[in-house]
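Structure file upload.txt (compact mmCIF, C-alpha atoms) is printed below.
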# COMPACT_ATOMS: atom_id res chain seq x y z
CA MET A 1 116.02 115.56 90.44
CA THR A 2 114.96 113.09 93.07
CA VAL A 3 112.13 110.74 92.36
CA ASP A 4 110.54 109.33 95.45
CA PRO A 5 107.36 107.34 94.80
CA ILE A 6 106.40 107.28 98.48
CA HIS A 7 106.63 111.02 99.00
CA GLN A 8 103.13 111.60 97.63
CA PHE A 9 101.58 109.84 100.63
CA GLN A 10 103.14 112.10 103.23
CA ILE A 11 100.79 113.72 105.71
CA ASN A 12 101.48 117.41 106.25
CA ASN A 13 100.16 119.38 109.17
CA LEU A 14 98.48 122.53 107.95
CA PHE A 15 97.41 124.18 111.20
CA PRO A 16 96.62 123.04 114.76
CA VAL A 17 92.97 122.75 115.72
CA ALA A 18 92.82 121.63 119.34
CA LYS A 19 94.76 119.85 122.01
CA ILE A 20 93.21 117.06 124.07
CA GLY A 21 95.51 115.89 126.82
CA ASN A 22 98.84 115.24 125.16
CA VAL A 23 97.35 114.61 121.76
CA GLU A 24 97.71 117.44 119.34
CA ILE A 25 94.92 117.53 116.79
CA THR A 26 95.99 119.23 113.62
CA PHE A 27 94.28 119.91 110.35
CA THR A 28 96.24 117.90 107.78
CA ASN A 29 96.26 117.73 104.01
CA SER A 30 94.32 114.47 104.37
CA ALA A 31 91.60 116.23 106.33
CA ALA A 32 91.62 119.06 103.80
CA PHE A 33 90.95 116.66 100.94
CA MET A 34 88.19 114.92 102.89
CA MET A 35 86.60 118.32 103.52
CA LEU A 36 86.97 119.16 99.86
CA ALA A 37 85.24 115.90 98.90
CA VAL A 38 82.36 116.43 101.32
CA VAL A 39 81.85 120.06 100.33
CA GLY A 40 82.13 119.23 96.64
CA LEU A 41 79.62 116.40 96.94
CA THR A 42 77.20 118.55 98.90
CA VAL A 43 77.41 121.35 96.38
CA PHE A 44 76.95 118.88 93.51
CA LEU A 45 73.94 117.10 94.99
CA VAL A 46 72.21 120.15 96.41
CA GLY A 47 72.84 122.12 93.26
CA ALA A 48 71.60 119.28 91.09
CA THR A 49 68.36 118.85 92.98
CA ALA A 50 67.61 122.47 93.83
CA ARG A 51 65.66 123.14 90.63
CA ARG A 52 63.98 119.86 89.86
CA ASN A 53 62.64 119.58 86.34
CA LEU A 54 60.69 116.78 84.74
CA VAL A 55 63.21 116.90 81.95
CA PRO A 56 66.43 116.84 83.93
CA SER A 57 69.35 119.11 83.25
CA ARG A 58 72.79 117.59 82.82
CA LEU A 59 73.66 118.02 86.48
CA GLN A 60 70.34 116.67 87.70
CA SER A 61 70.72 113.75 85.36
CA ALA A 62 74.12 112.92 86.84
CA ALA A 63 72.71 113.04 90.36
CA GLU A 64 69.77 110.83 89.38
CA LEU A 65 72.12 108.42 87.68
CA SER A 66 74.22 108.05 90.82
CA TYR A 67 71.06 107.52 92.87
CA GLU A 68 69.77 104.87 90.49
CA PHE A 69 73.15 103.14 90.40
CA VAL A 70 73.47 102.81 94.16
CA ALA A 71 69.79 101.95 94.60
CA SER A 72 69.94 99.10 92.10
CA THR A 73 73.14 97.82 93.70
CA ILE A 74 71.44 97.69 97.09
CA ARG A 75 68.26 96.09 95.73
CA SER A 76 70.17 93.38 93.93
CA THR A 77 72.39 92.49 96.88
CA ALA A 78 70.42 93.17 100.05
CA GLY A 79 66.85 93.07 98.75
CA SER A 80 64.36 95.91 98.94
CA GLU A 81 64.63 95.84 102.73
CA GLY A 82 68.20 97.00 102.33
CA MET A 83 66.94 100.34 101.02
CA LYS A 84 66.68 101.31 104.69
CA PHE A 85 70.44 101.69 104.52
CA PHE A 86 70.43 103.66 101.30
CA PRO A 87 71.66 106.95 102.85
CA PHE A 88 74.57 105.15 104.49
CA VAL A 89 75.65 103.17 101.42
CA PHE A 90 75.19 106.16 99.13
CA SER A 91 77.33 108.35 101.41
CA ILE A 92 80.08 105.74 101.58
CA PHE A 93 80.08 105.11 97.84
CA MET A 94 80.11 108.78 96.85
CA PHE A 95 82.70 109.66 99.48
CA VAL A 96 85.11 106.92 98.45
CA LEU A 97 84.53 107.53 94.75
CA THR A 98 85.19 111.25 95.11
CA LEU A 99 88.33 110.69 97.16
CA ASN A 100 89.65 108.14 94.65
CA MET A 101 88.97 110.45 91.74
CA LEU A 102 90.44 113.49 93.52
CA GLY A 103 93.57 111.46 94.12
CA LEU A 104 94.07 111.04 90.39
CA ILE A 105 94.51 114.76 89.86
CA PRO A 106 98.24 115.53 89.69
CA TYR A 107 99.61 117.01 92.94
CA ALA A 108 96.47 115.95 94.78
CA PHE A 109 96.60 113.83 97.90
CA THR A 110 94.96 110.39 97.84
CA VAL A 111 93.15 110.03 101.14
CA THR A 112 92.07 106.42 100.48
CA SER A 113 95.70 105.31 100.16
CA HIS A 114 95.99 105.49 103.94
CA ILE A 115 94.78 102.38 105.72
CA ILE A 116 93.60 104.32 108.74
CA VAL A 117 90.91 105.99 106.62
CA THR A 118 89.69 102.83 104.92
CA ALA A 119 89.88 100.90 108.20
CA ALA A 120 87.72 103.52 109.90
CA LEU A 121 85.13 103.17 107.15
CA ALA A 122 85.26 99.36 107.24
CA ILE A 123 84.96 99.26 111.04
CA THR A 124 81.96 101.58 110.84
CA VAL A 125 80.31 99.13 108.45
CA PHE A 126 81.26 96.20 110.68
CA LEU A 127 79.83 97.82 113.81
CA ILE A 128 76.63 98.82 112.05
CA VAL A 129 76.15 95.23 110.84
CA LEU A 130 76.82 93.88 114.34
CA ILE A 131 74.66 96.38 116.23
CA TYR A 132 71.78 96.38 113.76
CA GLY A 133 71.81 92.58 113.56
CA LEU A 134 71.71 92.23 117.35
CA TRP A 135 69.06 94.92 117.72
CA ARG A 136 66.86 93.48 115.01
CA HIS A 137 67.22 89.75 115.63
CA GLY A 138 68.57 89.56 119.17
CA LEU A 139 70.59 86.45 119.88
CA HIS A 140 69.03 84.92 116.78
CA PHE A 141 71.66 86.94 114.90
CA PHE A 142 74.34 84.49 116.04
CA ASN A 143 72.67 81.82 113.92
CA LEU A 144 74.79 83.45 111.25
CA PHE A 145 77.66 81.39 112.62
CA VAL A 146 75.76 78.11 112.74
CA PRO A 147 75.26 76.67 109.27
CA LYS A 148 72.44 74.19 108.95
CA GLY A 149 72.88 70.50 108.37
CA VAL A 150 76.30 70.16 110.00
CA PRO A 151 76.88 67.08 112.18
CA ILE A 152 77.08 67.96 115.87
CA TYR A 153 80.60 66.62 116.46
CA ILE A 154 82.08 68.96 113.88
CA LEU A 155 79.94 71.97 114.81
CA PRO A 156 82.32 73.65 117.32
CA LEU A 157 85.06 73.71 114.71
CA ILE A 158 82.76 75.13 112.04
CA VAL A 159 81.42 77.80 114.41
CA ALA A 160 84.96 78.86 115.32
CA ILE A 161 85.89 79.12 111.65
CA GLU A 162 82.72 81.06 110.85
CA ILE A 163 83.41 83.52 113.68
CA LEU A 164 86.98 84.07 112.49
CA SER A 165 85.70 84.52 108.96
CA PHE A 166 83.24 87.14 110.23
CA LEU A 167 85.97 88.95 112.19
CA SER A 168 88.26 89.03 109.18
CA ARG A 169 85.75 91.05 107.15
CA PRO A 170 86.78 94.57 108.16
CA ILE A 171 90.40 93.68 107.42
CA SER A 172 89.86 92.43 103.90
CA HIS A 173 87.30 95.20 103.34
CA SER A 174 89.74 97.96 104.23
CA VAL A 175 92.95 96.43 102.92
CA ARG A 176 91.52 95.93 99.46
CA LEU A 177 90.70 99.59 98.89
CA PHE A 178 93.84 100.90 100.54
CA ALA A 179 96.24 98.51 98.80
CA ASN A 180 94.70 99.07 95.38
CA MET A 181 95.04 102.83 95.65
CA LEU A 182 98.53 102.65 97.15
CA ALA A 183 99.88 100.18 94.57
CA GLY A 184 98.32 102.05 91.67
CA HIS A 185 99.73 105.41 92.68
CA ILE A 186 103.18 104.01 93.35
CA THR A 187 103.23 102.32 89.95
CA LEU A 188 102.20 105.56 88.26
CA LYS A 189 104.88 107.49 90.08
CA VAL A 190 107.60 104.94 89.31
CA PHE A 191 106.86 104.96 85.60
CA ALA A 192 106.66 108.73 85.57
CA GLY A 193 110.03 108.72 87.31
CA PHE A 194 111.53 106.70 84.45
CA ILE A 195 110.68 109.50 82.04
CA ILE A 196 112.71 112.01 84.04
CA LEU A 197 115.50 109.52 84.65
CA LEU A 198 115.94 108.61 80.99
CA GLY A 199 115.62 112.15 79.67
CA GLY A 200 117.84 113.61 82.33
CA SER A 201 120.73 111.17 81.98
CA LEU A 202 120.90 110.23 78.30
CA GLY A 203 120.08 113.51 76.60
CA ALA A 204 118.36 113.37 73.22
CA ILE A 205 118.36 109.56 72.95
CA GLY A 206 116.95 109.43 76.43
CA TRP A 207 114.08 111.74 75.57
CA VAL A 208 113.16 109.53 72.61
CA GLY A 209 113.45 106.45 74.80
CA SER A 210 111.31 108.04 77.48
CA LEU A 211 108.38 107.93 75.09
CA LEU A 212 107.98 104.30 76.13
CA PRO A 213 107.40 104.93 79.85
CA PHE A 214 105.31 107.94 78.87
CA ALA A 215 102.98 105.74 76.85
CA MET A 216 102.90 103.36 79.79
CA VAL A 217 101.88 106.17 82.13
CA VAL A 218 99.02 107.13 79.82
CA VAL A 219 97.75 103.55 79.74
CA LEU A 220 98.21 103.13 83.49
CA TYR A 221 96.34 106.34 84.10
CA ALA A 222 93.32 105.01 82.25
CA LEU A 223 93.60 101.78 84.22
CA GLU A 224 93.85 103.70 87.48
CA THR A 225 90.71 105.67 86.64
CA LEU A 226 88.92 102.37 86.16
CA VAL A 227 90.35 101.01 89.41
CA ALA A 228 89.32 104.15 91.28
CA PHE A 229 85.73 103.66 90.22
CA LEU A 230 85.77 99.89 90.58
CA GLN A 231 87.17 99.96 94.09
CA ALA A 232 84.55 102.44 95.24
CA TYR A 233 81.93 100.16 93.72
CA VAL A 234 83.44 97.06 95.34
CA PHE A 235 83.56 98.84 98.68
CA ALA A 236 79.87 99.74 98.36
CA ILE A 237 78.79 96.30 97.16
CA LEU A 238 80.63 94.56 99.99
CA THR A 239 78.95 96.95 102.42
CA CYS A 240 75.63 95.82 100.95
CA ILE A 241 76.55 92.14 101.23
CA TYR A 242 77.51 92.56 104.88
CA LEU A 243 74.35 94.55 105.58
CA ASN A 244 72.40 91.73 103.95
CA ASP A 245 73.74 89.42 106.65
CA ALA A 246 72.46 91.80 109.31
CA ILE A 247 69.04 91.99 107.67
CA HIS A 248 68.61 88.30 106.94
CA PRO A 249 70.91 86.14 109.06
CA GLY A 250 70.58 82.46 108.15
CA HIS A 251 67.60 80.92 109.92
CA MET B 1 41.13 94.69 70.82
CA ALA B 2 40.15 91.42 69.18
CA ASP B 3 36.47 91.64 68.47
CA GLY B 4 36.09 88.85 65.92
CA PRO B 5 35.52 85.22 66.85
CA ARG B 6 38.78 83.68 67.93
CA GLY B 7 40.44 80.54 66.67
CA THR B 8 37.43 78.94 64.98
CA GLY B 9 39.11 77.84 61.79
CA HIS B 10 39.65 81.36 60.39
CA ARG B 11 43.40 81.31 60.97
CA ASN B 12 44.23 83.57 58.05
CA GLU B 13 41.81 86.38 58.80
CA PRO B 14 43.50 89.67 59.68
CA PRO B 15 41.63 90.36 62.97
CA ASP B 16 42.52 86.91 64.23
CA ASP B 17 46.17 87.36 63.33
CA GLU B 18 46.17 90.64 65.14
CA ALA B 19 44.69 89.06 68.23
CA ALA B 20 47.35 86.36 68.20
CA LEU B 21 50.05 88.97 67.75
CA SER B 22 48.80 91.08 70.62
CA ALA B 23 48.55 87.99 72.80
CA ARG B 24 52.14 87.10 71.99
CA LEU B 25 53.24 90.65 72.70
CA LYS B 26 51.50 90.54 76.03
CA ARG B 27 53.14 87.24 76.94
CA LEU B 28 56.52 88.61 75.94
CA GLY B 29 55.90 91.70 78.03
CA ASN B 30 55.03 89.54 81.03
CA ARG B 31 58.14 87.47 80.63
CA LEU B 32 60.33 90.54 80.25
CA ALA B 33 58.81 92.04 83.39
CA GLN B 34 59.55 88.82 85.22
CA THR B 35 63.17 88.58 84.16
CA ASN B 36 63.87 92.26 84.69
CA ARG B 37 62.33 92.35 88.14
CA PRO B 38 64.97 93.05 90.77
CA PRO B 39 65.62 89.77 92.56
CA GLU B 40 64.40 89.68 96.14
CA ASN B 41 66.66 88.68 98.99
CA GLY B 42 70.00 88.96 97.24
CA SER B 43 70.31 86.17 94.72
CA ASP B 44 74.02 85.44 94.67
CA PRO B 45 75.40 88.95 94.94
CA ARG B 46 78.96 87.84 94.31
CA GLN B 47 78.14 86.80 90.79
CA THR B 48 76.46 90.09 89.92
CA ALA B 49 79.51 92.03 91.04
CA ASP B 50 81.12 91.93 87.67
CA LEU B 51 84.76 92.54 88.42
CA SER B 52 87.71 92.64 86.16
CA GLY B 53 90.20 89.81 86.60
CA TYR B 54 92.72 92.00 88.39
CA ALA B 55 90.25 93.23 90.96
CA ARG B 56 88.91 89.71 91.43
CA GLY B 57 92.34 88.27 92.06
CA PHE B 58 93.11 91.05 94.47
CA ARG B 59 89.90 90.43 96.35
CA LEU B 60 90.59 86.70 96.74
CA SER B 61 94.13 87.24 98.02
CA THR B 62 93.07 89.81 100.61
CA GLU B 63 90.32 87.47 101.81
CA LEU B 64 92.86 84.73 102.50
CA VAL B 65 95.38 87.05 104.15
CA ALA B 66 92.70 88.62 106.33
CA GLY B 67 91.57 85.26 107.67
CA VAL B 68 95.10 84.16 108.56
CA LEU B 69 95.87 87.55 110.09
CA VAL B 70 92.82 87.54 112.34
CA GLY B 71 93.62 84.02 113.50
CA ALA B 72 97.22 84.96 114.25
CA VAL B 73 96.26 88.07 116.22
CA ILE B 74 93.62 86.27 118.29
CA GLY B 75 95.97 83.37 119.00
CA TRP B 76 98.78 85.70 120.01
CA LEU B 77 96.52 87.70 122.34
CA LEU B 78 95.18 84.53 123.95
CA ASP B 79 98.75 83.37 124.49
CA ARG B 80 99.59 86.63 126.22
CA TRP B 81 96.50 86.71 128.42
CA LEU B 82 96.26 83.05 129.38
CA GLY B 83 99.96 82.20 129.28
CA ILE B 84 99.48 79.07 127.16
CA SER B 85 102.43 80.05 125.08
CA PRO B 86 102.54 78.25 121.75
CA TRP B 87 99.10 76.61 121.75
CA GLY B 88 96.85 79.59 121.18
CA LEU B 89 98.89 80.69 118.22
CA ILE B 90 99.05 77.19 116.75
CA VAL B 91 95.34 76.48 117.07
CA PHE B 92 94.10 79.89 115.96
CA LEU B 93 96.54 80.17 113.10
CA LEU B 94 95.14 76.92 111.72
CA LEU B 95 91.56 78.05 112.34
CA GLY B 96 92.38 81.38 110.73
CA PHE B 97 93.77 79.63 107.70
CA ALA B 98 90.59 77.59 107.43
CA ALA B 99 88.53 80.78 107.76
CA GLY B 100 90.63 82.40 105.05
CA VAL B 101 90.06 79.49 102.70
CA LEU B 102 86.35 79.65 103.49
CA ASN B 103 86.39 83.38 102.70
CA VAL B 104 88.09 82.74 99.38
CA MET B 105 85.67 79.99 98.43
CA ARG B 106 82.72 82.20 99.33
CA ALA B 107 84.15 85.13 97.41
CA ALA B 108 84.81 82.94 94.39
CA GLY B 109 81.28 81.56 94.58
CA VAL B 110 82.42 77.96 94.97
CA VAL B 111 80.52 77.64 98.24
CA ARG B 112 77.05 79.07 98.03
CA ASP B 113 75.95 81.51 100.66
CA ARG B 114 74.12 80.46 103.79
CA GLN B 115 70.89 82.26 103.01
CA LEU B 116 70.48 80.38 99.78
CA ASN B 117 70.80 76.99 101.43
CA ASP B 118 67.51 77.06 103.21
CA ASP B 119 65.16 77.68 100.34

Any chance you could give the structure as structure tokens?
Amino acid sequence: MTVDPIHQFQINNLFPVAKIGNVEITFTNSAAFMMLAVVGLTVFLVGATARRNLVPSRLQSAAELSYEFVASTIRSTAGSEGMKFFPFVFSIFMFVLTLNMLGLIPYAFTVTSHIIVTAALAITVFLIVLIYGLWRHGLHFFNLFVPKGVPIYILPLIVAIEILSFLSRPISHSVRLFANMLAGHITLKVFAGFIILLGGSLGAIGWVGSLLPFAMVVVLYALETLVAFLQAYVFAILTCIYLNDAIHPGH
Amino acid sequence: MADGPRGTGHRNEPPDDEAALSARLKRLGNRLAQTNRPPENGSDPRQTADLSGYARGFRLSTELVAGVLVGAVIGWLLDRWLGISPWGLIVFLLLGFAAGVLNVMRAAGVVRDRQLNDD
């Protein structure tokens, strides 16, 4: 029995969709899981709010809870003006959370363990911050790079550093989510592989010994569930912090 | 609520006590409302993001790496376009490192955010 911890991240082509120039566009397992997440979320939220009661049902309560959670996150980080971006932040948070949680199901594919997906999300956030900031404040937005009370002879250096710091945001934003999911899933797979390895090679003693990695997998699984939620939350809260810069650049 | 004469030497009378109690309750309610009010204009968001140590460490390391990486890429591209071979990389790698350290200090909350400086 071969145990390959990387195999779970393989992209499989399911069926071709279209062909643009030389680029073949195929429907992959990654796309399938994204579709599943979007459809599942839509069904959950529409179903929860279809019959609104004053005394909420369990489903409605869950939907209201997620609304309240994201809304309070936005209010505490970007102020009440940030609520303009509520639909965007809510979509990102629920999408990432669902994908992370779906990835924890055995045999499921973890979409957020691919950097191209998280980078696309982070670049979307980055561009929205840039475009909204420029549209709202004009060139005043670039005051973001000019901290106050800095002596003039050191200012060019500080501005260069601030600009680089701003440009590095989408990288750290996307790498954090992707690396957390990737590392967590590899660790899980490696420890699960130990169970098979021990049991398969040492017989009865091995099976007893494999209780140790098994216990480890159980603990890691709980940790991974926490990380899956936490990383979705961190992704959302960083989105809010960056949006806050677009709404109120330093003046 | 309090209809009797207030605070004129009758400290032990029940209506007066009740008035004092309701006044204290009201004050407490006001203070609670003030502390529970959602803070306007993002008061130190990085502190409210209550992360576990693992996630926090991860965040800080990616911040540093991202800064250095951006500096390296920009320096390398400038070298290619302008043909100033080692200088772009040297200068921007250093700037990128500085930006990375700045990122880390901001993320750790050592340096306060810009918006908070001007009020």

Between atom CA of Val96 of chain A and atom CA of Asn180 of chain A - distance in Å to one decimal: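 Atom CA of Val96 of chain A lies 12.8 Å from atom CA of Asn180 of chain A.
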
Name the closest residue to chain B among the candidates A:Ile196, A:Leu157, A:Ala78, A:Leu45; distances are taken between atoms, counting only C-alpha atoms.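 Ranked by minimum distance to chain B, first place goes to A:Ala78.
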
Should the cut-off be 10 Å, what would the residue list for chain A against chain B look like, counting only C-alpha atoms, as an MDAnalysis selection string? chainID A and resid 72:82 144:149 157:158 160:177 179:180 226:227 230:231 233:234 237:238 240:241 244:245 247:251

Write out, as a tab-separated table, each residue of segment 77-124 of chain A that has an atom at most 10 Å from segment 211-225 of chain A, together with the closest pair of atoms and their distance in Å to one decimal, counting only C-alpha atoms, rows going by chain and rising number.
residue	atom	partner	partner_atom	distance
A:Asn100	CA	A:Thr225	CA	8.4
A:Met101	CA	A:Thr225	CA	7.2
A:Gly103	CA	A:Thr225	CA	9.9
A:Leu104	CA	A:Thr225	CA	7.4

Next, dump the selected residues to file, keeping only C-alpha atoms, as a PDB file, in the coordinates of the input.
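again20.pdb was written with the following content:
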ATOM      1  CA  ASN A 100      89.650 108.140  94.650  1.00  0.00           C
ATOM      2  CA  MET A 101      88.970 110.450  91.740  1.00  0.00           C
ATOM      3  CA  GLY A 103      93.570 111.460  94.120  1.00  0.00           C
ATOM      4  CA  LEU A 104      94.070 111.040  90.390  1.00  0.00           C
TER       5      LEU A 104
END

Between atom CA of Asn143 of chain A and atom CA of Ser91 of chain A, measure the distance and give it in Å to one decimal.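 Value for the atom CA of Asn143 of chain A-atom CA of Ser91 of chain A distance: 29.7 Å.
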
Just want the 9 Å neighbourhood of Leu243 of chain A, counted on all atoms listed in the file, with same-chain residues fewer than 6 positions away dropped. Output as a list in words.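 Here the answer would be Ala78, Gly82, Phe85, Val125, Phe126, Ile128, Val129, Tyr132 and Gly133 of chain A.
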
Have a look at atom CA of Ile116 of chain A and atom CA of Val17 of chain A and let me know their distance in Å, one decimal. 19.7 Å
